[in-house]
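Here is the file query-v3.tsv (TSV, C-alpha atoms).
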```tsv
chain	number	residue	atom	x	y	z
A	1129	MET	CA	88.11	87.63	87.11
A	1130	PRO	CA	88.47	90.74	89.28
A	1131	ARG	CA	87.44	90.46	92.91
A	1132	GLN	CA	84.01	91.86	93.76
A	1133	PRO	CA	84.42	95.17	95.61
A	1134	HIS	CA	83.46	95.66	99.26
A	1135	THR	CA	83.64	91.99	100.16
A	1136	SER	CA	86.62	91.99	102.53
A	1137	ALA	CA	85.91	90.88	106.10
A	1138	GLN	CA	86.75	94.39	107.36
A	1139	THR	CA	84.38	96.11	104.95
A	1140	VAL	CA	81.59	93.66	105.66
A	1141	SER	CA	82.06	94.19	109.39
A	1142	LEU	CA	81.85	97.95	108.91
A	1143	LEU	CA	78.77	97.66	106.70
A	1144	GLN	CA	77.19	95.49	109.36
A	1145	ALA	CA	77.82	98.10	112.06
A	1146	LEU	CA	76.45	100.90	109.88
A	1147	LEU	CA	73.42	98.86	108.88
A	1148	ALA	CA	72.58	97.98	112.49
A	1149	ARG	CA	71.21	101.53	112.92
A	1150	PRO	CA	70.95	102.80	109.38
A	1151	ASP	CA	69.21	106.10	110.16
A	1152	GLN	CA	71.67	107.21	112.80
A	1153	TRP	CA	74.87	109.09	112.18
A	1154	HIS	CA	77.93	107.21	113.41
A	1155	TYR	CA	81.25	108.52	114.70
A	1156	GLY	CA	84.55	107.13	113.43
A	1157	TYR	CA	85.92	106.16	116.82
A	1158	GLU	CA	82.69	104.41	117.80
A	1159	LEU	CA	82.69	102.48	114.54
A	1160	GLY	CA	86.27	101.47	115.25
A	1161	LYS	CA	85.30	100.19	118.68
A	1162	GLN	CA	82.27	98.32	117.35
A	1163	THR	CA	84.09	96.62	114.52
A	1164	GLY	CA	87.48	96.23	116.15
A	1165	LEU	CA	89.09	97.98	113.16
A	1166	ARG	CA	92.07	100.24	113.73
A	1167	SER	CA	92.03	103.76	112.37
A	1168	GLY	CA	94.46	102.84	109.60
A	1169	THR	CA	92.03	100.24	108.28
A	1170	LEU	CA	88.76	101.96	109.11
A	1171	TYR	CA	89.30	105.30	107.42
A	1172	PRO	CA	90.45	104.04	104.01
A	1173	ILE	CA	87.26	101.94	103.88
A	1174	LEU	CA	85.12	104.92	104.92
A	1175	ILE	CA	86.84	107.07	102.30
A	1176	ARG	CA	86.24	104.48	99.58
A	1177	LEU	CA	82.57	104.08	100.53
A	1178	ALA	CA	82.02	107.86	100.56
A	1179	GLU	CA	83.83	108.22	97.25
A	1180	GLN	CA	81.41	105.77	95.69
A	1181	HIS	CA	78.38	107.54	97.18
A	1182	LEU	CA	77.58	104.60	99.43
A	1183	LEU	CA	78.20	106.66	102.56
A	1184	GLU	CA	76.96	110.10	103.55
A	1185	THR	CA	79.21	112.26	105.67
A	1186	ARG	CA	78.62	115.43	107.61
A	1187	TRP	CA	80.33	117.55	110.24
A	1188	GLU	CA	78.41	117.62	113.47
A	1189	PRO	CA	78.68	120.91	115.35
A	1190	PRO	CA	80.46	120.59	118.70
A	1191	GLN	CA	78.18	119.64	121.60
A	1192	ARG	CA	80.19	121.75	124.02
A	1193	PRO	CA	81.96	125.00	123.24
A	1194	GLY	CA	85.60	124.53	122.43
A	1195	ARG	CA	85.18	120.89	121.45
A	1196	PRO	CA	86.01	120.02	117.86
A	1197	ALA	CA	83.33	119.39	115.27
A	1198	ARG	CA	83.06	115.69	114.58
A	1199	HIS	CA	82.73	113.90	111.30
A	1200	THR	CA	79.78	111.49	111.18
A	1201	TYR	CA	78.71	108.82	108.75
A	1202	ARG	CA	75.68	106.87	107.61
A	1203	LEU	CA	74.86	104.69	104.62
A	1204	THR	CA	73.04	106.14	101.64
A	1205	ALA	CA	70.07	104.23	100.18
A	1206	GLU	CA	72.43	102.71	97.65
A	1207	GLY	CA	74.88	101.87	100.44
A	1208	ARG	CA	72.19	100.13	102.47
A	1209	GLN	CA	71.20	98.06	99.47
A	1210	LEU	CA	74.81	97.07	98.88
A	1211	ALA	CA	75.34	96.35	102.58
A	1212	ARG	CA	72.35	94.04	102.71
A	1213	GLY	CA	73.63	92.20	99.65
A	1214	ARG	CA	77.13	91.85	101.07
A	1215	LEU	CA	75.88	90.71	104.47
A	1216	ALA	CA	73.60	88.16	102.86
A	1217	GLY	CA	76.55	87.01	100.77
A	1218	ALA	CA	78.76	86.74	103.81
A	1219	GLY	CA	76.08	84.85	105.69
A	1220	THR	CA	76.06	87.36	108.49
A	1221	ALA	CA	72.70	88.98	107.84
A	1222	ARG	CA	71.20	87.17	110.82
A	1223	ARG	CA	73.99	88.19	113.17
A	1224	PRO	CA	73.88	91.95	113.67
A	1225	PRO	CA	76.41	93.39	116.13
A	1226	ALA	CA	75.37	93.47	119.75
A	1227	ALA	CA	73.33	96.58	120.45
A	1228	ARG	CA	75.16	99.27	122.37
A	1229	PRO	CA	73.66	102.17	124.23
A	1230	ALA	CA	72.71	104.81	121.66
A	1231	THR	CA	75.54	107.14	122.54
A	1232	GLU	CA	76.92	107.51	119.07
A	1233	GLY	CA	73.70	108.40	117.30
A	1234	ALA	CA	74.03	112.00	116.36
A	1235	GLY	CA	70.85	112.61	114.54
B	321	MET	CA	80.29	117.45	102.57
B	322	ASN	CA	80.80	120.61	104.50
B	323	PRO	CA	84.39	120.98	105.64
B	324	SER	CA	84.74	122.40	109.09
B	325	PRO	CA	88.13	122.02	110.70
B	326	PRO	CA	87.99	121.00	114.34
B	327	ALA	CA	88.37	123.72	116.91
B	328	ARG	CA	91.37	123.86	119.21
B	329	ARG	CA	91.09	123.08	122.91
B	330	PRO	CA	89.94	126.31	124.56
B	331	PRO	CA	91.22	127.87	127.72
B	332	GLY	CA	89.42	126.58	130.78
B	333	THR	CA	89.02	122.95	129.68
B	334	GLY	CA	92.26	121.92	131.38
B	335	PRO	CA	95.59	120.98	129.88
B	336	GLU	CA	95.67	118.10	127.43
B	337	PRO	CA	97.59	115.08	128.75
B	338	ALA	CA	101.13	114.83	127.42
B	339	ALA	CA	100.45	111.49	125.72
B	340	HIS	CA	97.50	112.99	123.85
B	341	ARG	CA	99.59	115.98	122.86
B	342	ARG	CA	102.21	113.69	121.41
B	343	ALA	CA	99.57	111.58	119.65
B	344	ARG	CA	97.98	114.75	118.26
B	345	ALA	CA	101.35	115.99	116.96
B	346	LEU	CA	102.01	112.61	115.38
B	347	LEU	CA	98.59	112.46	113.75
B	348	ALA	CA	98.93	116.05	112.53
B	349	CYS	CA	102.16	114.99	110.86
B	350	ALA	CA	100.33	112.11	109.15
B	351	VAL	CA	97.47	114.41	108.12
B	352	GLY	CA	100.02	116.71	106.51
B	353	ARG	CA	101.05	113.83	104.26
B	354	LEU	CA	97.52	113.28	102.96
B	355	PRO	CA	96.66	114.47	99.44
B	356	GLU	CA	94.86	117.82	99.44
B	357	ASP	CA	91.46	116.34	98.69
B	358	ARG	CA	91.76	113.95	101.62
B	359	ARG	CA	92.73	116.48	104.31
B	360	GLU	CA	89.18	116.61	105.58
B	361	TRP	CA	89.42	112.94	106.53
B	362	GLY	CA	92.58	113.67	108.45
B	363	GLU	CA	90.78	116.45	110.31
B	364	ALA	CA	88.05	113.92	111.08
B	365	MET	CA	90.62	111.58	112.63
B	366	LEU	CA	92.11	114.44	114.63
B	367	ALA	CA	88.69	115.37	115.98
B	368	GLU	CA	88.09	111.81	117.17
B	369	LEU	CA	91.33	111.89	119.18
B	370	ASP	CA	89.51	113.95	121.81
B	371	GLN	CA	87.18	111.01	122.49
B	372	ILE	CA	89.92	108.48	123.06
B	373	THR	CA	90.93	107.64	126.57
B	374	GLY	CA	94.23	105.93	127.30
B	375	ARG	CA	97.58	106.86	125.87
B	376	VAL	CA	98.17	103.56	124.09
B	377	ARG	CA	94.84	103.84	122.29
B	378	ALA	CA	95.53	107.46	121.41
B	379	LEU	CA	98.96	106.56	120.09
B	380	ALA	CA	97.57	103.62	118.08
B	381	TRP	CA	94.91	105.92	116.62
B	382	ALA	CA	97.58	108.42	115.61
B	383	VAL	CA	99.87	105.79	114.10
B	384	GLY	CA	96.93	104.57	111.98
B	385	GLY	CA	96.98	108.02	110.38
B	386	PHE	CA	100.25	107.16	108.66
B	387	ARG	CA	98.69	104.08	107.10
B	388	VAL	CA	95.78	106.18	105.87
B	389	ALA	CA	98.24	108.71	104.45
B	390	ARG	CA	100.27	106.00	102.70
B	391	LEU	CA	97.21	104.32	101.19
B	392	GLU	CA	95.62	107.58	100.11
B	393	ARG	CA	98.82	108.88	98.53
B	394	ARG	CA	99.08	105.65	96.57
B	395	HIS	CA	95.42	105.86	95.59
B	396	HIS	CA	95.94	109.47	94.52
B	397	ARG	CA	98.89	108.50	92.31
B	398	GLN	CA	96.90	105.70	90.74
B	399	ARG	CA	94.01	108.04	89.97
B	400	GLN	CA	96.42	110.43	88.30
B	401	GLN	CA	97.95	107.64	86.25
B	402	GLY	CA	94.52	106.41	85.21
B	403	GLY	CA	94.98	102.77	86.14
B	404	PRO	CA	94.96	100.53	89.15
B	405	LEU	CA	98.48	99.24	88.63
B	406	MET	CA	101.77	100.78	87.58
B	407	ALA	CA	101.06	100.82	83.85
B	408	GLY	CA	100.94	104.60	83.65
B	409	ARG	CA	104.41	104.95	85.04
B	410	ALA	CA	105.75	102.10	82.93
B	411	ARG	CA	104.47	103.79	79.78
B	412	THR	CA	106.25	107.02	80.60
B	413	THR	CA	109.54	105.45	81.62
B	414	GLY	CA	111.14	104.63	78.32
B	415	TRP	CA	114.61	103.79	79.56
B	416	ALA	CA	113.22	101.43	82.18
B	417	ALA	CA	111.19	99.65	79.52
B	418	ALA	CA	114.38	99.33	77.43
B	419	LEU	CA	116.16	97.87	80.43
B	420	LEU	CA	113.45	95.27	80.91
B	421	TRP	CA	113.55	94.48	77.21
B	422	ALA	CA	117.32	93.83	77.49
B	423	LEU	CA	116.74	91.67	80.55
B	424	TRP	CA	114.10	89.69	78.71
B	425	ALA	CA	116.46	89.08	75.77
B	426	ALA	CA	119.35	88.10	78.05
B	427	MET	CA	117.20	85.72	80.08
B	428	THR	CA	115.94	84.03	76.93
B	429	THR	CA	119.42	83.72	75.47
B	430	LEU	CA	120.72	82.15	78.66
B	431	LEU	CA	117.81	79.71	78.73
B	432	ALA	CA	118.25	78.88	75.06
B	433	PHE	CA	121.90	78.04	75.65
B	434	GLU	CA	120.96	76.05	78.72
B	435	PHE	CA	122.29	78.23	81.49
B	436	PRO	CA	119.22	78.00	83.71
B	437	THR	CA	121.00	79.09	86.90
B	438	LEU	CA	122.26	82.30	85.33
B	439	ALA	CA	118.82	82.92	83.79
B	440	ILE	CA	117.17	82.53	87.20
B	441	LEU	CA	119.72	84.86	88.83
B	442	LEU	CA	119.14	87.43	86.11
B	443	GLY	CA	115.39	87.01	86.57
B	444	LEU	CA	115.71	87.67	90.30
B	445	ALA	CA	117.88	90.73	89.67
B	446	GLY	CA	115.27	92.00	87.21
B	447	PHE	CA	112.50	91.35	89.72
B	448	MET	CA	114.27	93.47	92.34
B	449	LEU	CA	115.08	96.19	89.81
B	450	ALA	CA	111.48	96.35	88.64
B	451	ARG	CA	110.30	96.74	92.23
B	452	LEU	CA	112.87	99.45	92.82
B	453	LEU	CA	111.79	101.32	89.69
B	454	ARG	CA	108.14	100.75	90.61
B	455	LEU	CA	107.57	98.82	87.43
B	456	TRP	CA	106.10	96.08	89.52
B	457	PRO	CA	103.99	94.14	88.67
B	458	GLU	CA	103.52	94.72	84.94
B	459	GLY	CA	107.24	94.97	84.25
B	460	VAL	CA	108.01	91.61	85.81
B	461	ALA	CA	104.91	89.90	84.45
B	462	GLY	CA	105.71	91.21	80.97
B	463	THR	CA	109.30	90.04	81.21
B	464	LEU	CA	108.23	86.54	82.21
B	465	VAL	CA	105.63	86.31	79.46
B	466	GLY	CA	108.06	87.68	76.87
B	467	ALA	CA	110.84	85.29	77.86
B	468	GLY	CA	108.35	82.41	77.91
B	469	MET	CA	107.08	83.19	74.42
B	470	VAL	CA	110.57	83.38	72.94
B	471	CYS	CA	111.47	80.05	74.58
B	472	LEU	CA	108.32	78.50	73.13
B	473	LEU	CA	109.12	79.92	69.69
B	474	ILE	CA	112.69	78.58	69.72
B	475	GLY	CA	111.42	75.24	71.03
B	476	LEU	CA	108.75	75.00	68.33
B	477	LEU	CA	111.19	75.94	65.58
B	478	ASN	CA	113.49	73.14	66.74
B	479	LEU	CA	110.70	70.63	67.10
B	480	GLY	CA	111.39	67.81	64.70
B	481	GLY	CA	114.03	69.82	62.87
B	482	GLY	CA	117.54	68.36	63.11
B	483	ARG	CA	118.96	66.46	66.00
B	484	PRO	CA	120.03	67.93	69.32
B	485	CYS	CA	123.72	68.53	69.80
B	486	THR	CA	125.42	66.16	72.17
B	487	SER	CA	126.99	67.43	75.33
B	488	SER	CA	130.45	66.68	73.97
B	489	THR	CA	129.96	68.95	70.99
B	490	ALA	CA	127.84	72.03	71.06
B	491	ALA	CA	124.97	71.68	73.51
B	492	SER	CA	126.03	74.79	75.34
B	493	LEU	CA	127.40	78.21	74.53
B	494	SER	CA	130.92	77.18	75.57
B	495	GLY	CA	130.59	74.08	73.39
B	496	ILE	CA	129.57	76.14	70.40
B	497	LEU	CA	132.38	78.61	70.91
B	498	ALA	CA	134.96	75.86	71.38
B	499	ALA	CA	133.83	73.68	68.51
B	500	PRO	CA	135.02	74.14	64.94
B	501	ALA	CA	132.62	76.19	62.85
B	502	GLY	CA	131.64	73.27	60.65
B	503	GLN	CA	130.81	71.02	63.54
B	504	ALA	CA	128.78	73.67	65.34
B	505	SER	CA	126.61	74.39	62.34
B	506	SER	CA	126.17	70.77	61.38
B	507	CYS	CA	124.66	69.56	64.61
B	508	GLY	CA	120.94	69.90	64.32
B	509	GLY	CA	119.98	72.55	66.84
B	510	ILE	CA	118.67	72.82	70.34
B	511	ALA	CA	116.74	70.16	72.22
B	512	PRO	CA	113.18	71.52	72.05
B	513	LEU	CA	111.56	69.86	75.06
B	514	PRO	CA	113.38	71.74	77.86
B	515	LEU	CA	112.68	75.00	76.03
B	516	LEU	CA	109.02	74.17	75.56
B	517	ALA	CA	108.73	73.27	79.23
B	518	ALA	CA	110.60	76.39	80.39
B	519	GLY	CA	108.56	78.56	78.00
B	520	SER	CA	105.26	77.19	79.23
B	521	LEU	CA	106.36	77.64	82.82
B	522	LEU	CA	107.47	81.25	82.29
B	523	LEU	CA	104.32	82.10	80.35
B	524	ALA	CA	102.11	80.64	83.08
B	525	ALA	CA	104.10	82.40	85.82
B	526	GLY	CA	103.80	85.78	84.06
B	527	ALA	CA	100.07	85.38	83.43
B	528	LEU	CA	99.50	84.22	87.01
B	529	LEU	CA	101.48	87.13	88.42
B	530	TYR	CA	99.51	89.67	86.41
B	531	TRP	CA	96.21	88.04	87.32
B	532	ALA	CA	97.10	87.98	91.02
B	533	SER	CA	98.29	91.59	91.06
B	534	ALA	CA	95.20	92.81	89.20
B	535	ARG	CA	93.01	90.86	91.61
B	536	HIS	CA	94.67	92.37	94.67
B	537	ALA	CA	95.03	95.90	93.33
B	538	PRO	CA	93.34	98.40	95.64
B	539	ARG	CA	89.94	99.52	94.47
```

In structure tokens, how does this file's structure come out?
Amino acid sequence: MPRQPHTSAQTVSLLQALLARPDQWHYGYELGKQTGLRSGTLYPILIRLAEQHLLETRWEPPQRPGRPARHTYRLTAEGRQLARGRLAGAGTARRPPAARPATEGAG
Amino acid sequence: MNPSPPARRPPGTGPEPAAHRRARALLACAVGRLPEDRREWGEAMLAELDQITGRVRALAWAVGGFRVARLERRHHRQRQQGGPLMAGRARTTGWAAALLWALWAAMTTLLAFEFPTLAILLGLAGFMLARLLRLWPEGVAGTLVGAGMVCLLIGLLNLGGGRPCTSSTAASLSGILAAPAGQASSCGGIAPLPLLAAGSLLLAAGALLYWASARHAPR
């Protein structure tokens, strides 16, 4: 039987980080720091989630002139539902990641 | 999604550290290897580089870009081929399929004439060839299943029919070739049990290989 998608430890960890503040937009680097995932692991998961309409993405205008626009992410309603299911399945629903100062919330 | 490539560092913000410049050049190289419809994600990674402090972290971030590029190129190929595995390519590579067919026949013949070592060596060579030709995993799984089924068929046909040749007469290919024609044809056939066991083993190995590769195929 094929493996259920989005159940790897890395994906669950990312879903957990995104679900901790579901209304905020998250930056890639901050997500990497929160989950401990390297860019080479983080971005393929983000791409797959966005491809399946589980993740919204948007470019945030630069906060200072000359700085690059940044790509930000948050779960869609469908993504949140899936994340809750996966976290419950992984038994981590009661252990959200430690709250950080809201520096990465972009909107 | 609204693509908006990141802006370049403007004059007046100070020179970028050399390590970051190198990391940026490296990551830009990786981004260039991304499929067209994934370039935006590469730009996203480049934009994040500005936030990273420390040259080791910046370098690690940039190196990760190559993994993203490799995975996305593979994903892109798979989408074009319409399947998660290598089936699309295998279907379009007629000569490679013929080669595997020949390998399958040779392996079975060697097993049938009780040359297991040669059969295993041939199997390993085929395994490496299939990987080289990117016919992995279906090519190898198919070869194992095919060889297994022929072994089972030969074993079943010899089950209860005739008596096995003795080692002194024609139990092997060299024995058959060396023996007089009458003697070779009169001894009852091939011992079925080793063939049935080898066939079952090959069939199970092929099925297991396909199952495992389908289970671990990227999705």

Give me the chain A side of the contact with chain B, cut-off 9 Å, one line per residue showing its nearest atom pair and distance in Å at one decimal, counting all atoms listed in the file, sorted by chain and residue number, as a Markdown table.
```
| residue | atom | partner | partner_atom | distance |
| --- | --- | --- | --- | --- |
| A:Met1129 | CA | B:Arg535 | CA | 7.4 |
| A:Pro1130 | CA | B:Arg535 | CA | 5.1 |
| A:Arg1131 | CA | B:Arg535 | CA | 5.7 |
| A:Pro1133 | CA | B:Arg539 | CA | 7.1 |
| A:His1134 | CA | B:Arg539 | CA | 8.9 |
| A:Tyr1155 | CA | B:Glu368 | CA | 8.0 |
| A:Gly1156 | CA | B:Glu368 | CA | 7.0 |
| A:Tyr1157 | CA | B:Glu368 | CA | 6.1 |
| A:Arg1166 | CA | B:Gly384 | CA | 6.7 |
| A:Ser1167 | CA | B:Gly384 | CA | 5.0 |
| A:Gly1168 | CA | B:Gly384 | CA | 3.8 |
| A:Thr1169 | CA | B:Val388 | CA | 7.4 |
| A:Leu1170 | CA | B:Val388 | CA | 8.8 |
| A:Tyr1171 | CA | B:Val388 | CA | 6.7 |
| A:Pro1172 | CA | B:Val388 | CA | 6.0 |
| A:Ile1175 | CA | B:Trp361 | CA | 7.7 |
| A:Arg1176 | CA | B:Arg539 | CA | 8.0 |
| A:Glu1184 | CA | B:Met321 | CA | 8.1 |
| A:Thr1185 | CA | B:Met321 | CA | 6.1 |
| A:Arg1186 | CA | B:Met321 | CA | 5.7 |
| A:Trp1187 | CA | B:Asn322 | CA | 6.5 |
| A:Pro1189 | CA | B:Ser324 | CA | 8.8 |
| A:Pro1190 | CA | B:Ala327 | CA | 8.7 |
| A:Pro1193 | CA | B:Pro330 | CA | 8.2 |
| A:Gly1194 | CA | B:Pro330 | CA | 5.2 |
| A:Arg1195 | CA | B:Ala327 | CA | 6.2 |
| A:Pro1196 | CA | B:Pro326 | CA | 4.2 |
| A:Ala1197 | CA | B:Pro326 | CA | 5.0 |
| A:Arg1198 | CA | B:Ala367 | CA | 5.8 |
| A:His1199 | CA | B:Ala364 | CA | 5.3 |
| A:Thr1200 | CA | B:Ala364 | CA | 8.6 |
```

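Atom pair CA of Ala518 (chain B) / CA of Ala467 (chain B) has a distance of 9.3 Å (rounded to one decimal).
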
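Interatomic distance, CA of Ala339 (chain B) to CA of Leu379 (chain B): 7.6 Å.
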
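Proximity of A:Leu1177, A:Leu1210, A:Val1140, A:Leu1183 to Leu1165 (chain A), computed with all atoms listed in the file, is greatest for A:Val1140.
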
TODO: Mind giving me the straight-line distance from CA of Gln1132 (chain A) to CA of Leu528 (chain B) in Å, one decimal?
DONE: 18.5 Å

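Candidate residues B:Ala378, B:Leu431, B:Leu523, B:Leu516 were compared for distance to Leu346 (chain B), and the nearest is B:Ala378, using only C-alpha atoms.
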
Open item on the list: Let me make sure I understand: among A:Ala1218, A:Ile1173, A:Leu1143, A:Glu1188, which one has the smallest atom-to-atom distance to Thr1204 (chain A) if we use all atoms listed in the file?
Closed with: A:Leu1143

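Closest approach to Leu1146 (chain A) among A:Arg1192, A:Leu1174, A:Gln1162, A:Leu1203: A:Leu1203, based on all atoms listed in the file.
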
Task: Radius query 12 Å about (72.0, 95.5, 101.6), atoms used: all atoms listed in the file, as a PyMOL selection string - done: chain A and resi 1134+1140+1143-1144+1146-1148+1150+1182+1203-1218+1220-1221

TODO: Between A:Gly1219, A:Asp1151, A:His1181, A:Thr1139, single out the one closest to Thr1163 (chain A), counting all atoms listed in the file.
DONE: A:Thr1139

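Distances to Glu434 (chain B) were evaluated for B:Leu515, B:Val376, B:Met448, B:Leu420 using only C-alpha atoms, and the minimum falls at B:Leu515.
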
TODO: Starting from the point (101.7, 113.8, 104.4), work out which residues of protein, DNA or RNA have an atom no more than 9 Å away when counting only C-alpha atoms; state them as a VMD selection string.
DONE: chain B and resid 348 to 355 386 389 to 390 393
